[in-house]
file upload20.txt (compact mmCIF, C-alpha atoms and all ligand atoms)
# COMPACT_ATOMS: atom_id res chain seq x y z
CA MET A 178 113.53 -4.27 -19.65
CA GLU A 179 111.57 -3.29 -16.55
CA ALA A 180 112.15 -6.72 -15.00
CA GLN A 181 115.87 -6.35 -15.43
CA THR A 182 115.84 -2.90 -13.82
CA LYS A 183 114.05 -4.41 -10.83
CA VAL A 184 116.67 -7.16 -10.49
CA ILE A 185 119.42 -4.56 -10.46
CA GLU A 186 117.56 -2.32 -8.03
CA SER A 187 116.97 -5.10 -5.52
CA SER A 188 120.72 -5.58 -5.07
CA ILE A 189 121.88 -1.98 -4.86
CA THR A 190 121.81 -1.27 -1.17
CA PHE A 191 125.10 0.30 -0.14
CA SER A 192 126.18 -2.61 2.03
CA ASN A 193 125.44 -5.06 -0.82
CA ILE A 194 127.52 -3.04 -3.21
CA GLN A 195 130.41 -2.75 -0.75
CA GLN A 196 130.30 -6.50 -0.22
CA LEU A 197 130.21 -7.24 -3.98
CA GLU A 198 133.05 -4.84 -4.70
CA SER A 199 135.23 -6.24 -1.94
CA GLN A 200 134.67 -9.71 -3.35
CA PHE A 201 134.76 -9.14 -7.11
CA LEU A 202 136.69 -5.95 -7.87
CA MET A 203 140.44 -5.61 -8.13
CA GLN A 204 141.25 -3.71 -4.97
CA THR A 205 143.02 -0.78 -6.64
CA TYR A 206 140.91 2.04 -5.19
CA ALA A 207 140.65 3.28 -1.60
CA ARG A 208 137.06 4.49 -1.92
CA ASN A 209 135.42 6.88 0.51
CA PRO A 210 132.42 5.17 2.12
CA VAL A 211 129.76 7.02 0.14
CA MET A 212 127.55 5.82 -2.74
CA PHE A 213 126.07 8.46 -4.99
CA VAL A 214 122.80 7.89 -6.76
CA ARG A 215 122.02 11.24 -8.40
CA GLY A 216 123.01 14.88 -8.71
CA LYS A 217 121.54 18.30 -9.40
CA GLY A 218 123.54 21.49 -10.00
CA SER A 219 126.70 21.32 -7.86
CA THR A 220 125.14 18.86 -5.41
CA LEU A 221 125.35 15.08 -5.27
CA TYR A 222 122.99 12.88 -3.26
CA ASP A 223 123.87 9.56 -1.66
CA ASP A 224 121.63 6.51 -1.32
CA ARG A 225 120.11 7.88 1.89
CA GLY A 226 119.29 11.22 0.30
CA LYS A 227 122.12 13.11 2.06
CA ALA A 228 123.38 16.09 0.01
CA TYR A 229 127.06 16.80 -0.73
CA LEU A 230 128.35 20.01 -2.31
CA ASP A 231 130.83 18.96 -4.93
CA PHE A 232 134.26 20.65 -4.95
CA ILE A 233 136.04 17.91 -6.91
CA ALA A 234 133.57 17.24 -9.80
CA GLY A 235 134.67 13.69 -10.51
CA ILE A 236 138.30 14.94 -10.53
CA GLY A 237 137.70 17.89 -12.81
CA VAL A 238 135.24 16.23 -15.19
CA ASN A 239 131.71 17.34 -14.26
CA VAL A 240 132.20 21.02 -15.04
CA LEU A 241 128.51 21.68 -15.68
CA GLY A 242 127.56 19.92 -12.46
CA TYR A 243 124.75 17.39 -12.63
CA ASP A 244 121.53 17.11 -14.61
CA HIS A 245 122.35 20.18 -16.72
CA PRO A 246 119.50 20.87 -19.18
CA ARG A 247 121.83 21.20 -22.19
CA VAL A 248 123.48 17.86 -21.39
CA ARG A 249 120.11 16.20 -20.90
CA ARG A 250 118.91 17.50 -24.27
CA VAL A 251 121.99 16.19 -26.13
CA LEU A 252 121.77 12.79 -24.42
CA LYS A 253 118.17 12.47 -25.54
CA GLU A 254 118.78 13.63 -29.09
CA GLN A 255 121.83 11.40 -29.56
CA ALA A 256 120.38 8.24 -27.98
CA ASN A 257 119.93 6.57 -31.37
CA LEU A 258 123.62 6.68 -32.34
CA LEU A 259 126.16 6.23 -29.56
CA HIS A 260 129.05 4.60 -31.38
CA THR A 261 130.20 4.05 -34.95
CA SER A 262 133.97 3.27 -34.64
CA ASN A 263 136.51 5.13 -36.75
CA LEU A 264 135.83 2.96 -39.79
CA TYR A 265 133.16 5.45 -40.85
CA TYR A 266 132.29 9.12 -40.73
CA HIS A 267 129.74 10.55 -38.36
CA GLN A 268 128.47 14.11 -38.20
CA TYR A 269 130.32 15.50 -35.20
CA GLN A 270 134.05 14.63 -35.13
CA GLY A 271 135.00 17.05 -37.89
CA LEU A 272 132.94 19.86 -36.35
CA LEU A 273 134.51 19.33 -32.96
CA ALA A 274 138.02 19.13 -34.40
CA GLU A 275 137.43 22.44 -36.21
CA ARG A 276 136.40 24.11 -32.94
CA LEU A 277 139.40 22.76 -31.02
CA VAL A 278 141.79 23.80 -33.78
CA LYS A 279 140.35 27.31 -34.02
CA ALA A 280 140.32 27.75 -30.24
CA SER A 281 143.90 26.53 -29.78
CA GLY A 282 145.54 27.98 -32.89
CA LEU A 283 146.95 24.52 -33.62
CA ALA A 284 146.27 22.49 -36.77
CA ARG A 285 144.82 18.98 -36.34
CA VAL A 286 143.21 16.74 -33.72
CA PHE A 287 143.32 13.06 -32.80
CA PHE A 288 140.49 11.83 -30.56
CA CYS A 289 140.91 9.17 -27.88
CA ASN A 290 139.11 8.42 -24.64
CA THR A 291 141.19 9.39 -21.59
CA GLY A 292 143.96 11.65 -20.39
CA ALA A 293 146.56 8.89 -20.29
CA GLU A 294 145.66 7.93 -23.85
CA SER A 295 146.08 11.50 -25.05
CA VAL A 296 149.55 11.62 -23.46
CA GLU A 297 150.38 8.19 -24.88
CA GLY A 298 149.41 9.38 -28.35
CA ALA A 299 151.39 12.61 -28.01
CA LEU A 300 154.54 10.68 -27.04
CA LYS A 301 154.09 8.30 -29.97
CA LEU A 302 153.57 11.24 -32.32
CA ALA A 303 156.81 12.86 -31.08
CA ARG A 304 158.89 9.75 -31.75
CA ALA A 305 157.29 9.09 -35.12
CA TRP A 306 157.67 12.73 -36.18
CA GLN A 307 161.38 12.77 -35.31
CA ARG A 308 161.88 9.53 -37.25
CA ARG A 309 160.02 10.95 -40.27
CA GLN A 310 162.38 13.95 -40.16
CA GLU A 311 165.23 11.40 -40.29
CA ARG A 312 166.33 12.34 -36.79
CA GLU A 313 166.59 8.73 -35.69
CA ASP A 314 168.54 9.53 -32.51
CA LYS A 315 165.87 11.80 -31.11
CA THR A 316 163.90 9.30 -29.04
CA GLU A 317 164.18 10.67 -25.47
CA PHE A 318 161.74 12.65 -23.36
CA VAL A 319 162.16 15.37 -20.76
CA ALA A 320 159.50 15.75 -18.06
CA LEU A 321 159.19 17.61 -14.77
CA VAL A 322 159.82 16.58 -11.21
CA ASN A 323 156.38 16.15 -9.55
CA SER A 324 154.68 15.47 -12.88
CA PHE A 325 151.65 13.25 -13.31
CA HIS A 326 150.61 12.20 -16.82
CA GLY A 327 148.62 9.00 -16.33
CA ARG A 328 148.88 5.28 -15.66
CA THR A 329 149.58 3.63 -19.01
CA MET A 330 153.18 2.55 -19.63
CA GLY A 331 154.18 5.55 -21.78
CA ALA A 332 152.36 8.13 -19.66
CA LEU A 333 153.73 6.51 -16.51
CA SER A 334 157.25 6.70 -17.94
CA VAL A 335 157.03 10.51 -17.99
CA THR A 336 155.33 10.61 -14.57
CA ALA A 337 157.90 11.48 -11.93
CA GLN A 338 156.31 10.29 -8.75
CA GLU A 339 158.02 7.16 -7.50
CA LYS A 340 154.94 5.64 -5.87
CA TYR A 341 153.16 5.39 -9.23
CA ARG A 342 156.20 4.07 -11.14
CA LYS A 343 157.95 1.65 -8.86
CA PRO A 344 155.84 -1.55 -9.25
CA PHE A 345 155.96 -1.35 -13.04
CA GLU A 346 159.62 -0.74 -13.79
CA PRO A 347 161.38 -0.99 -16.17
CA LEU A 348 159.44 1.75 -17.90
CA ILE A 349 160.48 3.28 -21.22
CA SER A 350 164.08 4.43 -21.06
CA GLY A 351 165.56 7.81 -21.92
CA VAL A 352 163.26 9.95 -19.76
CA HIS A 353 164.89 12.80 -17.83
CA PHE A 354 163.20 14.70 -15.03
CA ILE A 355 164.02 18.33 -14.38
CA ASP A 356 162.99 20.73 -11.66
CA ALA A 357 160.79 23.68 -12.58
CA ASP A 358 161.73 25.69 -9.49
CA LEU A 359 162.80 29.18 -10.22
CA SER A 360 166.52 29.28 -9.65
CA GLU A 361 168.92 30.14 -12.44
CA ASN A 362 170.47 26.77 -11.75
CA ASP A 363 167.35 24.98 -12.83
CA PHE A 364 167.07 27.00 -15.97
CA ALA A 365 170.56 25.73 -16.76
CA GLU A 366 169.43 22.20 -15.93
CA ALA A 367 166.54 22.56 -18.38
CA ARG A 368 168.78 23.94 -21.13
CA GLU A 369 171.16 21.04 -20.68
CA ALA A 370 168.55 18.29 -20.38
CA ILE A 371 166.78 19.34 -23.60
CA ASN A 372 169.35 18.28 -26.17
CA GLU A 373 170.06 16.50 -29.48
CA ARG A 374 168.52 13.27 -28.21
CA THR A 375 165.25 14.85 -27.04
CA ALA A 376 162.13 13.95 -29.04
CA ALA A 377 159.80 15.97 -26.83
CA VAL A 378 159.39 17.78 -23.54
CA ILE A 379 156.15 17.26 -21.65
CA VAL A 380 154.85 19.72 -19.07
CA GLU A 381 151.54 20.17 -17.25
CA THR A 382 150.81 23.89 -17.64
CA ILE A 383 149.57 23.72 -14.05
CA GLN A 384 150.62 20.58 -12.21
CA GLY A 385 147.52 19.01 -10.69
CA GLU A 386 148.21 15.76 -8.89
CA SER A 387 151.31 17.17 -7.20
CA GLY A 388 149.31 19.91 -5.54
CA VAL A 389 148.12 22.60 -7.98
CA ARG A 390 151.46 24.13 -8.96
CA PRO A 391 151.35 26.63 -11.83
CA ILE A 392 154.55 26.45 -13.87
CA ASP A 393 156.23 29.86 -14.02
CA ASP A 394 156.10 31.59 -17.39
CA ARG A 395 159.86 32.29 -17.34
CA PHE A 396 160.55 28.58 -17.01
CA LEU A 397 158.10 27.79 -19.84
CA GLN A 398 159.87 30.32 -22.06
CA VAL A 399 163.23 28.68 -21.39
CA VAL A 400 161.75 25.27 -22.25
CA ARG A 401 160.06 26.62 -25.40
CA LYS A 402 163.34 28.15 -26.62
CA ALA A 403 165.32 25.00 -25.83
CA CYS A 404 162.78 22.87 -27.75
CA ASP A 405 163.05 25.14 -30.78
CA ARG A 406 166.85 25.08 -30.61
CA VAL A 407 167.05 21.27 -30.80
CA ASN A 408 163.87 20.51 -32.81
CA ALA A 409 162.10 18.87 -29.90
CA LEU A 410 158.31 19.08 -29.59
CA LEU A 411 156.78 20.86 -26.62
CA ILE A 412 153.81 18.86 -25.32
CA LEU A 413 151.57 20.67 -22.83
CA ASP A 414 149.41 18.33 -20.77
CA GLU A 415 146.21 20.22 -20.01
CA VAL A 416 144.18 17.15 -19.13
CA GLN A 417 143.40 18.66 -15.73
CA CYS A 418 143.96 22.40 -16.17
CA GLY A 419 142.58 22.85 -19.70
CA LEU A 420 139.11 23.50 -21.16
CA GLY A 421 138.01 26.48 -19.12
CA ARG A 422 139.30 25.45 -15.70
CA THR A 423 141.57 28.51 -15.44
CA GLY A 424 139.08 30.99 -16.92
CA LYS A 425 140.60 30.62 -20.41
CA ILE A 426 139.74 27.81 -22.80
CA PHE A 427 143.35 26.55 -22.57
CA ALA A 428 145.67 27.19 -19.63
CA PHE A 429 148.59 28.07 -21.93
CA GLU A 430 146.64 31.21 -22.90
CA ASN A 431 147.64 32.52 -19.46
CA THR A 432 151.32 32.15 -20.46
CA SER A 433 153.50 33.44 -23.28
CA VAL A 434 154.21 30.03 -24.82
CA LYS A 435 152.36 27.91 -27.32
CA PRO A 436 152.68 24.13 -27.44
CA ASP A 437 153.38 21.92 -30.45
CA VAL A 438 151.06 19.29 -29.01
CA LEU A 439 148.26 19.88 -26.50
CA CYS A 440 146.68 17.06 -24.47
CA VAL A 441 143.12 17.46 -23.18
CA ALA A 442 140.55 15.10 -21.69
CA LYS A 443 138.63 15.09 -18.38
CA PRO A 444 135.72 17.55 -19.04
CA LEU A 445 135.98 17.32 -22.85
CA GLY A 446 133.01 14.91 -23.16
CA LEU A 447 131.11 16.31 -20.14
CA GLY A 448 131.28 12.97 -18.35
CA VAL A 449 131.34 10.68 -21.37
CA PRO A 450 134.98 9.58 -21.82
CA LEU A 451 136.71 11.70 -24.48
CA GLY A 452 140.31 12.81 -24.83
CA ALA A 453 142.30 14.44 -27.60
CA PHE A 454 145.72 15.61 -28.59
CA ILE A 455 145.87 18.68 -30.77
CA VAL A 456 148.89 19.12 -33.02
CA ALA A 457 150.66 22.14 -34.54
CA GLU A 458 151.03 22.29 -38.32
CA LYS A 459 154.75 21.47 -38.23
CA ALA A 460 154.17 18.06 -36.60
CA VAL A 461 150.95 16.85 -38.22
CA ASP A 462 152.71 14.50 -40.62
CA GLY A 463 154.21 12.63 -37.64
CA LEU A 464 151.36 10.14 -37.78
CA LYS A 465 150.11 8.68 -41.06
CA THR A 466 147.16 6.42 -41.89
CA GLY A 467 147.35 3.27 -39.78
CA ASP A 468 149.98 4.60 -37.34
CA HIS A 469 147.57 5.16 -34.46
CA GLY A 470 143.93 4.46 -33.71
CA SER A 471 141.12 3.90 -31.24
CA THR A 472 137.87 1.93 -31.37
CA PHE A 473 135.91 4.36 -29.22
CA GLY A 474 137.84 7.63 -29.62
CA GLY A 475 135.68 10.51 -30.81
CA GLY A 476 132.36 8.68 -30.93
CA PRO A 477 129.17 10.55 -31.86
CA LEU A 478 127.75 10.87 -28.35
CA ALA A 479 131.00 12.13 -26.80
CA CYS A 480 131.66 14.55 -29.67
CA ARG A 481 128.11 15.88 -29.62
CA LEU A 482 128.35 16.58 -25.89
CA SER A 483 131.73 18.17 -26.42
CA LEU A 484 130.38 20.47 -29.14
CA GLU A 485 127.75 21.66 -26.70
CA PHE A 486 130.47 22.24 -24.08
CA LEU A 487 132.75 24.19 -26.44
CA GLU A 488 129.79 26.25 -27.58
CA MET A 489 129.23 27.19 -23.92
CA LEU A 490 132.93 27.96 -23.34
CA GLN A 491 132.98 30.18 -26.41
CA GLU A 492 129.74 31.97 -25.51
CA GLY A 493 131.88 33.58 -22.81
CA GLN A 494 129.65 33.87 -19.72
CA LEU A 495 130.83 30.56 -18.30
CA MET A 496 134.49 31.61 -18.58
CA GLN A 497 133.72 34.96 -16.97
CA ARG A 498 132.06 33.08 -14.12
CA VAL A 499 135.09 30.81 -13.64
CA THR A 500 137.39 33.83 -13.40
CA GLU A 501 135.15 35.83 -11.08
CA VAL A 502 134.09 33.00 -8.79
CA GLY A 503 137.63 31.54 -8.83
CA ASN A 504 139.08 34.90 -7.73
CA TYR A 505 136.53 35.06 -4.92
CA PHE A 506 137.38 31.48 -3.85
CA ARG A 507 141.13 32.08 -3.70
CA LYS A 508 140.70 35.46 -2.01
CA GLN A 509 138.57 33.94 0.76
CA LEU A 510 141.00 31.04 1.14
CA GLY A 511 143.85 33.56 1.26
CA LYS A 512 142.12 35.36 4.11
CA MET A 513 141.78 32.05 5.94
CA GLN A 514 145.49 31.42 5.36
CA ARG A 515 146.34 34.78 6.92
CA ARG A 516 144.17 33.92 9.94
CA HIS A 517 146.01 30.57 10.33
CA PRO A 518 149.50 30.87 8.84
CA GLU A 519 150.71 28.10 11.15
CA LEU A 520 148.16 25.68 9.61
CA ILE A 521 147.88 26.78 5.98
CA LYS A 522 151.17 27.25 4.17
CA GLU A 523 150.04 28.55 0.79
CA VAL A 524 147.03 29.03 -1.49
CA ARG A 525 147.68 28.41 -5.20
CA GLY A 526 145.88 28.12 -8.50
CA LEU A 527 144.06 29.90 -11.25
CA GLY A 528 140.34 30.16 -11.99
CA LEU A 529 138.58 27.21 -10.39
CA MET A 530 141.70 25.07 -10.05
CA VAL A 531 142.56 25.76 -6.44
CA GLY A 532 145.02 24.22 -4.00
CA ALA A 533 145.61 24.96 -0.31
CA GLU A 534 148.84 23.54 1.03
CA MET A 535 148.62 22.64 4.70
CA ASN A 536 151.45 22.45 7.19
CA PHE A 537 150.23 18.98 8.16
CA PRO A 538 148.87 15.92 6.27
CA CYS A 539 145.36 16.75 5.07
CA LYS A 540 143.74 13.41 4.28
CA SER A 541 141.74 13.52 7.51
CA VAL A 542 140.52 17.05 6.63
CA ALA A 543 139.11 15.79 3.32
CA THR A 544 137.51 12.80 5.08
CA LYS A 545 135.90 15.01 7.75
CA MET A 546 134.63 17.40 5.07
CA ILE A 547 132.99 14.52 3.22
CA GLU A 548 131.24 13.53 6.45
CA GLN A 549 130.03 17.14 6.67
CA GLY A 550 128.69 17.01 3.11
CA TYR A 551 131.52 18.66 1.12
CA LEU A 552 133.56 16.76 -1.50
CA MET A 553 137.22 17.58 -2.10
CA ASN A 554 140.43 15.63 -2.03
CA CYS A 555 143.86 15.72 -0.50
CA THR A 556 146.69 15.30 -2.97
CA HIS A 557 150.46 15.08 -2.50
CA ASP A 558 149.81 14.41 1.24
CA THR A 559 149.41 18.02 2.27
CA VAL A 560 147.44 19.84 -0.45
CA LEU A 561 143.66 20.21 -0.39
CA ARG A 562 142.62 20.29 -4.02
CA PHE A 563 139.43 21.92 -5.26
CA LEU A 564 138.15 21.39 -8.82
CA PRO A 565 134.49 22.42 -8.48
CA PRO A 566 131.98 22.57 -11.33
CA TYR A 567 132.16 25.84 -13.27
CA ILE A 568 128.61 26.58 -12.09
CA ILE A 569 129.52 26.64 -8.38
CA LYS A 570 128.06 29.66 -6.58
CA LYS A 571 129.86 32.10 -4.27
CA SER A 572 127.32 31.25 -1.54
CA GLU A 573 128.22 27.55 -1.89
CA ILE A 574 131.93 28.37 -1.67
CA SER A 575 131.33 30.51 1.36
CA ALA A 576 129.34 27.76 3.15
CA MET A 577 132.08 25.24 2.42
CA LEU A 578 134.87 27.55 3.64
CA THR A 579 133.11 28.24 6.94
CA LYS A 580 133.01 24.52 7.63
CA LEU A 581 136.52 23.98 6.28
CA GLU A 582 138.08 26.46 8.69
CA GLU A 583 136.50 24.66 11.63
CA VAL A 584 137.65 21.26 10.34
CA ILE A 585 141.22 22.40 9.60
CA VAL A 586 141.59 23.83 13.10
CA GLY A 587 140.15 20.65 14.66
CA GLU A 588 142.25 18.25 12.58
CA ALA A 589 145.46 20.23 13.16
CA ARG A 590 144.80 20.03 16.88
CA GLN A 591 144.27 16.26 16.62
CA PHE A 592 147.47 15.93 14.59
CA GLU A 593 149.40 17.81 17.25
CA SER A 594 147.90 15.75 20.08
CA ARG A 595 149.18 12.61 18.32
CA GLY A 596 152.65 14.11 18.49
CA GLY A 597 152.68 15.08 14.82
CA SER A 598 151.88 11.71 13.24
CA SER A 599 148.93 11.06 10.93
C1 LIG B 1 147.66 16.23 -15.98
C2 LIG B 1 147.08 14.87 -16.16
N1 LIG B 1 147.44 14.12 -17.22
C3 LIG B 1 146.93 12.91 -17.44
C4 LIG B 1 146.02 12.35 -16.55
C5 LIG B 1 145.47 10.99 -16.81
O1 LIG B 1 144.13 11.07 -17.17
P1 LIG B 1 143.18 9.79 -17.12
O2 LIG B 1 142.98 9.43 -15.68
O3 LIG B 1 141.93 10.25 -17.81
O4 LIG B 1 143.88 8.72 -17.88
C6 LIG B 1 145.62 13.08 -15.44
C7 LIG B 1 144.66 12.51 -14.48
O5 LIG B 1 144.43 13.00 -13.41
C8 LIG B 1 146.16 14.37 -15.23
O6 LIG B 1 145.82 15.11 -14.17

call {"tool": "encode", "arguments": {"input": "upload20.txt", "output": "structure tokens"}}
result
Amino acid sequence: MEAQTKVIESSITFSNIQQLESQFLMQTYARNPVMFVRGKGSTLYDDRGKAYLDFIAGIGVNVLGYDHPRVRRVLKEQANLLHTSNLYYHQYQGLLAERLVKASGLARVFFCNTGAESVEGALKLARAWQRRQEREDKTEFVALVNSFHGRTMGALSVTAQEKYRKPFEPLISGVHFIDADLSENDFAEAREAINERTAAVIVETIQGESGVRPIDDRFLQVVRKACDRVNALLILDEVQCGLGRTGKIFAFENTSVKPDVLCVAKPLGLGVPLGAFIVAEKAVDGLKTGDHGSTFGGGPLACRLSLEFLEMLQEGQLMQRVTEVGNYFRKQLGKMQRRHPELIKEVRGLGLMVGAEMNFPCKSVATKMIEQGYLMNCTHDTVLRFLPPYIIKKSEISAMLTKLEEVIVGEARQFESRGGSS
């Protein structure tokens, strides 16, 4: 065992790893040139010991930061049973399902591994449910302009953004994209698009990938009513915005609608892959024994970690923190926006899901911030997205924002000096 560890260690210098990856990995990721080796609290450390304050948390996954004592304890206690498959019972899936059902007010849970898989399962459920109700013609889906639901074929089919879809077409047919902007016109568009052929409508309660865009409650109400009118299911995708990110356990609790199917993933297993879709009573007979499955979904280690996480969410202090620290974060960013309205167009978000839309492409801002020891990303070309761990401190936010202001001003100047090209 020790010998093998030594073999691995001797080849893990950063330049070795970069060389190996460039030779042996499919080149699907444009990685930042940093290699992390450990973390503590909200800080990650690279192979040279340089510290980085984490404002992206593995894209919304590492909500308790790194090396959290409660995570460490569960990992140790559960080391003797990591996986069983779904051929057998283990002690934790039922307990976790009960917690998710009680927290959401829905009825039953299916466990999978990722966000895309939870969306995939929800879409399958919708079609199967309609068929079981003998509504054979109801096979279509309605999704939103600017949506992102994942990279598998079904999830990609309800993802609007052309750049993700194009190489893989034809995707599943009968998907209609509608605009969630707040003009009466669009409400009419939604009412018309959700019709007798619609199996389900899928909406991110707060759109993440397209730049942290909360969907207006009035629009959600129109969609909810239209779904009820034509017996379509309303699927809310809370893979990114759910599970405490907004200061509530589920983001839809900030709205006046309730979904028929709720997709969650990202932080659910605290870093061990775990996803789920949670289903309202009316649709639970959509999937019967043998209709859907997963080898890994809902394994003992992931479920045990998730139980610990939900326990913490329900204890309350963590959620209070997210609300309070999130308000502080957005307030400070708002002040920065008012100091530089020509550079920062808008600050959006809820809790610790925060977006700052720039008036210029922001990739170079994120890159410069990484060099300065702060992790964040630029999404939808112009939006700086922040998904920090729920344990982030106000002092850490404040330190990051001081540096960010300097970097934004510098990068905007550079952008201008290039004549407005990135
Ligand atoms: C709203 C939403 N849905 C689905 C997904 C896909 O999740 P995964 O990458 O775990 O498949 C993502 C990923 O970012 C997401 O933000």

call {"tool": "atom_distance", "arguments": {"input": "upload20.txt", "atom1": "atom CA of Arg481 of chain A", "atom2": "atom CA of Asn290 of chain A"}}
result
14.2 Å

call {"tool": "closest_atom_pairs", "arguments": {"input": "upload20.txt", "of": "chain A", "to": "ligand LIG 1 (chain B)", "cutoff": "8 Å", "atoms": "only C-alpha atoms and all ligand atoms", "output": "Markdown table"}}
result
| residue | atom | partner | partner_atom | distance |
| --- | --- | --- | --- | --- |
| A:Ile236 | CA | B:LIG1 | O5 | 7.0 |
| A:Asn290 | CA | B:LIG1 | O3 | 7.6 |
| A:Thr291 | CA | B:LIG1 | O3 | 3.9 |
| A:Gly292 | CA | B:LIG1 | O1 | 3.3 |
| A:Ala293 | CA | B:LIG1 | O4 | 3.6 |
| A:Glu294 | CA | B:LIG1 | O4 | 6.3 |
| A:Ser295 | CA | B:LIG1 | C3 | 7.8 |
| A:Val296 | CA | B:LIG1 | C3 | 6.7 |
| A:Ser324 | CA | B:LIG1 | C1 | 7.7 |
| A:Phe325 | CA | B:LIG1 | C2 | 5.6 |
| A:His326 | CA | B:LIG1 | N1 | 3.7 |
| A:Gly327 | CA | B:LIG1 | C5 | 3.8 |
| A:Arg328 | CA | B:LIG1 | O4 | 6.5 |
| A:Thr329 | CA | B:LIG1 | O4 | 7.7 |
| A:Ala332 | CA | B:LIG1 | C3 | 7.6 |
| A:Glu381 | CA | B:LIG1 | C1 | 5.7 |
| A:Ile383 | CA | B:LIG1 | C1 | 8.0 |
| A:Gln384 | CA | B:LIG1 | C1 | 6.5 |
| A:Gly385 | CA | B:LIG1 | O6 | 5.5 |
| A:Glu386 | CA | B:LIG1 | O6 | 5.8 |
| A:Asp414 | CA | B:LIG1 | C1 | 5.5 |
| A:Glu415 | CA | B:LIG1 | C1 | 5.9 |
| A:Val416 | CA | B:LIG1 | C2 | 4.7 |
| A:Gln417 | CA | B:LIG1 | O6 | 4.6 |
| A:Cys418 | CA | B:LIG1 | C1 | 7.2 |
| A:Cys440 | CA | B:LIG1 | N1 | 7.9 |
| A:Ala442 | CA | B:LIG1 | O3 | 6.4 |
| A:Lys443 | CA | B:LIG1 | O3 | 5.9 |
| A:Gly452 | CA | B:LIG1 | O3 | 7.6 |

call {"tool": "residues_around", "arguments": {"input": "upload20.txt", "residues": "Arg390 of chain A", "least_positions_apart": "3", "cutoff": "12 Å", "atoms": "all atoms listed in the file", "output": "VMD selection string"}}
result
chain A and resid 321 to 325 357 to 358 380 to 387 393 417 to 418 523 to 527 530 to 534 556 to 557 560 562

call {"tool": "closest_residue", "arguments": {"input": "upload20.txt", "among": "A:Val248, A:Leu413, A:Leu487, A:Val214", "to": "Ala228 of chain A", "atoms": "all atoms listed in the file"}}
result
A:Val214

call {"tool": "closest_residue", "arguments": {"input": "upload20.txt", "among": "A:Asp394, A:Glu430, A:Glu373, A:Glu501", "to": "Lys570 of chain A", "atoms": "only C-alpha atoms"}}
result
A:Glu501

call {"tool": "closest_residue", "arguments": {"input": "upload20.txt", "among": "A:Ala453, A:Ile371, A:Cys555, A:Ile568", "to": "Gly298 of chain A", "atoms": "only C-alpha atoms"}}
result
A:Ala453

call {"tool": "atom_distance", "arguments": {"input": "upload20.txt", "atom1": "atom CA of Gln514 of chain A", "atom2": "atom CA of Thr559 of chain A"}}
result
14.3 Å

call {"tool": "closest_residue", "arguments": {"input": "upload20.txt", "among": "A:Arg498, A:Arg590, A:Lys522, A:Lys227", "to": "Leu561 of chain A", "atoms": "all atoms listed in the file"}}
result
A:Lys522

call {"tool": "closest_residue", "arguments": {"input": "upload20.txt", "among": "A:Tyr243, A:Tyr222, A:Phe506, A:Phe345", "to": "Ser572 of chain A", "atoms": "all atoms listed in the file"}}
result
A:Phe506

call {"tool": "residues_around", "arguments": {"input": "upload20.txt", "residues": "Met496 of chain A", "least_positions_apart": "6", "cutoff": "9 Å", "atoms": "only C-alpha atoms", "output": "compact mmCIF listing (two decimals) with C-alpha atoms, in the coordinates of the input"}}
result
# COMPACT_ATOMS: atom_id res chain seq x y z
CA GLY A 421 138.01 26.48 -19.12
CA ARG A 422 139.30 25.45 -15.70
CA THR A 423 141.57 28.51 -15.44
CA GLY A 424 139.08 30.99 -16.92
CA LYS A 425 140.60 30.62 -20.41
CA ILE A 426 139.74 27.81 -22.80
CA MET A 489 129.23 27.19 -23.92
CA LEU A 490 132.93 27.96 -23.34
CA GLY A 528 140.34 30.16 -11.99
CA TYR A 567 132.16 25.84 -13.27

call {"tool": "closest_residue", "arguments": {"input": "upload20.txt", "among": "A:Gln310, A:Thr336, A:Thr205, A:Gln268", "to": "Ile379 of chain A", "atoms": "all atoms listed in the file"}}
result
A:Thr336

call {"tool": "atom_distance", "arguments": {"input": "upload20.txt", "atom1": "atom CA of Ala320 of chain A", "atom2": "atom CA of Lys459 of chain A"}}
result
21.5 Å

call {"tool": "residues_around", "arguments": {"input": "upload20.txt", "residues": "segment 188-192 of chain A", "least_positions_apart": "4", "cutoff": "10 Å", "atoms": "only C-alpha atoms", "output": "list in words"}}
result
Lys183, Val184, Gln196, Leu197, Glu198, Pro210, Val211, Met212, Phe213, Asp223, Asp224 and Arg225 of chain A

call {"tool": "residues_near_point", "arguments": {"input": "upload20.txt", "point": "(141.8, 19.9, 15.2)", "cutoff": "12 Å", "atoms": "all atoms listed in the file", "output": "list in words"}}
result
Leu520, Phe537, Cys539, Ser541, Val542, Lys545, Leu581, Glu582, Glu583, Val584, Ile585, Val586, Gly587, Glu588, Ala589, Arg590, Gln591, Phe592, Glu593, Ser594, Arg595 and Gly597 of chain A

call {"tool": "residues_near_point", "arguments": {"input": "upload20.txt", "point": "(160.9, 26.5, -23.0)", "cutoff": "10 Å", "atoms": "all atoms listed in the file", "output": "ChimeraX atom specification"}}
result
/A:364,367-368,371,378,380,394-406,411,434-436

call {"tool": "residues_around", "arguments": {"input": "upload20.txt", "residues": "Thr261 of chain A", "least_positions_apart": "4", "cutoff": "9 Å", "atoms": "all atoms listed in the file", "output": "PyMOL selection string"}}
result
chain A and resi 265-267+472-473+476-477
